[in-house]
file upload_6.txt (compact mmCIF, C-alpha atoms and all ligand atoms)
# COMPACT_ATOMS: atom_id res chain seq x y z
CA MET A 21 101.85 90.26 68.59
CA ILE A 22 102.81 87.69 71.14
CA PRO A 23 104.52 89.52 74.02
CA ARG A 24 108.07 88.79 74.96
CA ILE A 25 109.37 88.68 78.49
CA ASP A 26 112.62 90.30 79.52
CA GLY A 27 114.12 87.72 81.82
CA ALA A 28 116.51 90.28 83.28
CA LEU A 29 113.58 92.31 84.61
CA CYS A 30 111.18 89.53 85.60
CA THR A 31 111.03 89.00 89.36
CA GLY A 32 109.01 85.80 89.14
CA CYS A 33 105.96 87.25 90.90
CA LYS A 34 103.59 85.19 88.70
CA ARG A 35 101.03 87.96 88.39
CA CYS A 36 101.10 87.67 84.62
CA ALA A 37 100.39 83.95 84.81
CA GLU A 38 97.44 84.58 87.12
CA VAL A 39 95.71 86.93 84.68
CA CYS A 40 96.44 85.06 81.45
CA PRO A 41 93.06 83.73 80.20
CA PRO A 42 94.39 80.67 78.31
CA GLN A 43 97.06 80.06 80.97
CA SER A 44 99.80 80.27 78.40
CA ILE A 45 102.37 81.63 80.86
CA TYR A 46 104.50 79.15 82.75
CA MET A 47 107.32 79.62 85.22
CA LYS A 48 110.76 78.21 84.61
CA GLU A 49 113.70 78.91 86.90
CA GLU A 50 111.70 81.70 88.60
CA LYS A 51 111.09 83.50 85.31
CA ALA A 52 107.90 83.76 83.30
CA HIS A 53 107.69 82.30 79.82
CA ILE A 54 104.92 82.38 77.23
CA ASP A 55 103.78 79.38 75.25
CA PRO A 56 103.17 80.92 71.80
CA GLU A 57 100.90 78.03 70.89
CA LEU A 58 98.40 79.05 73.58
CA CYS A 59 98.79 82.85 73.67
CA GLU A 60 95.77 84.75 72.40
CA GLU A 61 97.67 88.06 72.24
CA CYS A 62 95.29 89.87 74.57
CA GLY A 63 97.99 91.92 76.29
CA PHE A 64 96.62 91.39 79.82
CA CYS A 65 99.97 90.08 81.02
CA ALA A 66 101.87 93.17 79.90
CA ALA A 67 99.33 95.42 81.64
CA GLU A 68 99.65 93.45 84.87
CA CYS A 69 103.43 93.16 85.17
CA PRO A 70 104.58 95.51 87.96
CA VAL A 71 108.11 95.88 86.60
CA GLY A 72 107.39 96.28 82.90
CA ALA A 73 109.13 93.05 81.98
CA ILE A 74 106.53 92.07 79.39
CA LEU A 75 106.97 93.85 76.12
CA ILE A 76 104.73 93.94 73.08
CA ASP A 77 106.44 94.90 69.85
CA PHE A 78 104.08 96.81 67.65
CA PRO A 79 104.84 97.11 63.95
CA ALA A 80 107.27 99.94 63.27
CA SER A 81 104.63 101.94 61.44
CA VAL A 82 102.56 102.22 64.61
CA ASN A 83 105.41 103.68 66.61
CA GLN A 84 106.11 106.58 64.29
S1 LIG B 1 98.96 88.22 75.73
FE1 LIG B 1 97.17 87.36 76.85
S2 LIG B 1 97.12 85.20 76.22
FE2 LIG B 1 99.15 85.97 75.68
S3 LIG B 1 100.46 85.46 77.40
FE3 LIG B 1 99.68 87.56 77.75
S4 LIG B 1 97.82 87.32 79.00
FE4 LIG B 1 98.32 85.31 78.10
S1 LIG B 2 104.23 89.80 86.10
FE1 LIG B 2 106.23 90.49 85.29
S2 LIG B 2 107.67 90.23 86.98
FE2 LIG B 2 105.83 89.05 87.49
S3 LIG B 2 106.29 86.97 86.74
FE3 LIG B 2 105.20 88.05 85.10
S4 LIG B 2 106.87 88.90 83.80
FE4 LIG B 2 107.77 88.35 85.76

call {"tool": "encode", "arguments": {"input": "upload_6.txt", "output": "structure tokens"}}
result
Amino acid sequence: MIPRIDGALCTGCKRCAEVCPPQSIYMKEEKAHIDPELCEECGFCAAECPVGAILIDFPASVNQ
């Protein structure tokens, strides 16, 4: 799954962009955004975000 970023939580610290291997995260108006064309779905960004603004939606069956 390509992560999604909650713009209301993102502080614009850029840590996610710094750890993204394919550099698929870009900043726009002080918020992080992911280019789905480049994302390799590694999850590094979600692990790095200090405020939990990067969410990965697993299939519903996994969450049960
Ligand atoms: S999941 Fe990996 S490739 Fe995709 S935006 Fe996050 S760090 Fe980058
Ligand atoms: S690491 Fe989290 S708070 Fe920092 S820029 Fe990325 S999404 Fe925003």

call {"tool": "closest_residue", "arguments": {"input": "upload_6.txt", "among": "A:Ile22, A:Cys30, A:Cys36, A:Glu50", "to": "Ala66 (chain A)", "atoms": "only C-alpha atoms"}}
result
A:Cys36

call {"tool": "residues_around", "arguments": {"input": "upload_6.txt", "residues": "Lys51 (chain A)", "least_positions_apart": "2", "cutoff": "10 Å", "atoms": "only C-alpha atoms", "output": "PDB file with C-alpha atoms, keeping the file's coordinate frame"}}
result
ATOM      1  CA  ILE A  25     109.370  88.680  78.490  1.00  0.00           C
ATOM      2  CA  ASP A  26     112.620  90.300  79.520  1.00  0.00           C
ATOM      3  CA  GLY A  27     114.120  87.720  81.820  1.00  0.00           C
ATOM      4  CA  ALA A  28     116.510  90.280  83.280  1.00  0.00           C
ATOM      5  CA  LEU A  29     113.580  92.310  84.610  1.00  0.00           C
ATOM      6  CA  CYS A  30     111.180  89.530  85.600  1.00  0.00           C
ATOM      7  CA  THR A  31     111.030  89.000  89.360  1.00  0.00           C
ATOM      8  CA  GLY A  32     109.010  85.800  89.140  1.00  0.00           C
ATOM      9  CA  CYS A  33     105.960  87.250  90.900  1.00  0.00           C
ATOM     10  CA  LYS A  34     103.590  85.190  88.700  1.00  0.00           C
ATOM     11  CA  ILE A  45     102.370  81.630  80.860  1.00  0.00           C
ATOM     12  CA  TYR A  46     104.500  79.150  82.750  1.00  0.00           C
ATOM     13  CA  MET A  47     107.320  79.620  85.220  1.00  0.00           C
ATOM     14  CA  LYS A  48     110.760  78.210  84.610  1.00  0.00           C
ATOM     15  CA  GLU A  49     113.700  78.910  86.900  1.00  0.00           C
ATOM     16  CA  HIS A  53     107.690  82.300  79.820  1.00  0.00           C
TER      17      HIS A  53
END

call {"tool": "residues_around", "arguments": {"input": "upload_6.txt", "residues": "Pro42 (chain A)", "least_positions_apart": "5", "cutoff": "8 Å", "atoms": "all atoms listed in the file", "output": "list in words"}}
result
Leu58, Cys59 and Glu60 of chain A

call {"tool": "closest_residue", "arguments": {"input": "upload_6.txt", "among": "A:Pro56, A:Gly63, A:Pro79, A:Gly72", "to": "ligand LIG 1 (chain B)", "atoms": "only C-alpha atoms and all ligand atoms"}}
result
A:Gly63

call {"tool": "atom_distance", "arguments": {"input": "upload_6.txt", "atom1": "CA of Ala73 (chain A)", "atom2": "atom S2 of ligand LIG 2 (chain B)"}}
result
5.9 Å

call {"tool": "closest_residue", "arguments": {"input": "upload_6.txt", "among": "A:Ala52, A:Arg24, A:Glu57, A:Cys65", "to": "ligand LIG 1 (chain B)", "atoms": "all atoms listed in the file"}}
result
A:Cys65

call {"tool": "closest_residue", "arguments": {"input": "upload_6.txt", "among": "A:Cys40, A:Pro23, A:Arg35, A:Phe78", "to": "ligand LIG 2 (chain B)", "atoms": "all atoms listed in the file"}}
result
A:Arg35

call {"tool": "atom_distance", "arguments": {"input": "upload_6.txt", "atom1": "CA of Ile54 (chain A)", "atom2": "CA of Ala80 (chain A)"}}
result
22.6 Å

call {"tool": "atom_distance", "arguments": {"input": "upload_6.txt", "atom1": "CA of Val71 (chain A)", "atom2": "atom S1 of ligand LIG 1 (chain B)"}}
result
16.1 Å

call {"tool": "closest_residue", "arguments": {"input": "upload_6.txt", "among": "A:Ile76, A:Cys62, A:Met21, A:Cys69", "to": "ligand LIG 2 (chain B)", "atoms": "all atoms listed in the file"}}
result
A:Cys69

call {"tool": "closest_residue", "arguments": {"input": "upload_6.txt", "among": "A:Pro41, A:Asp77, A:Pro70, A:Phe64", "to": "ligand LIG 2 (chain B)", "atoms": "only C-alpha atoms and all ligand atoms"}}
result
A:Pro70

call {"tool": "axis_aligned_box", "arguments": {"input": "upload_6.txt", "around": "ligand LIG 2 (chain B)", "padding_each_side": "6 Å", "output": "lines of an AutoDock Vina configuration file"}}
result
center_x = 106.0
center_y = 88.7
center_z = 85.6
size_x = 15.5
size_y = 15.5
size_z = 15.7
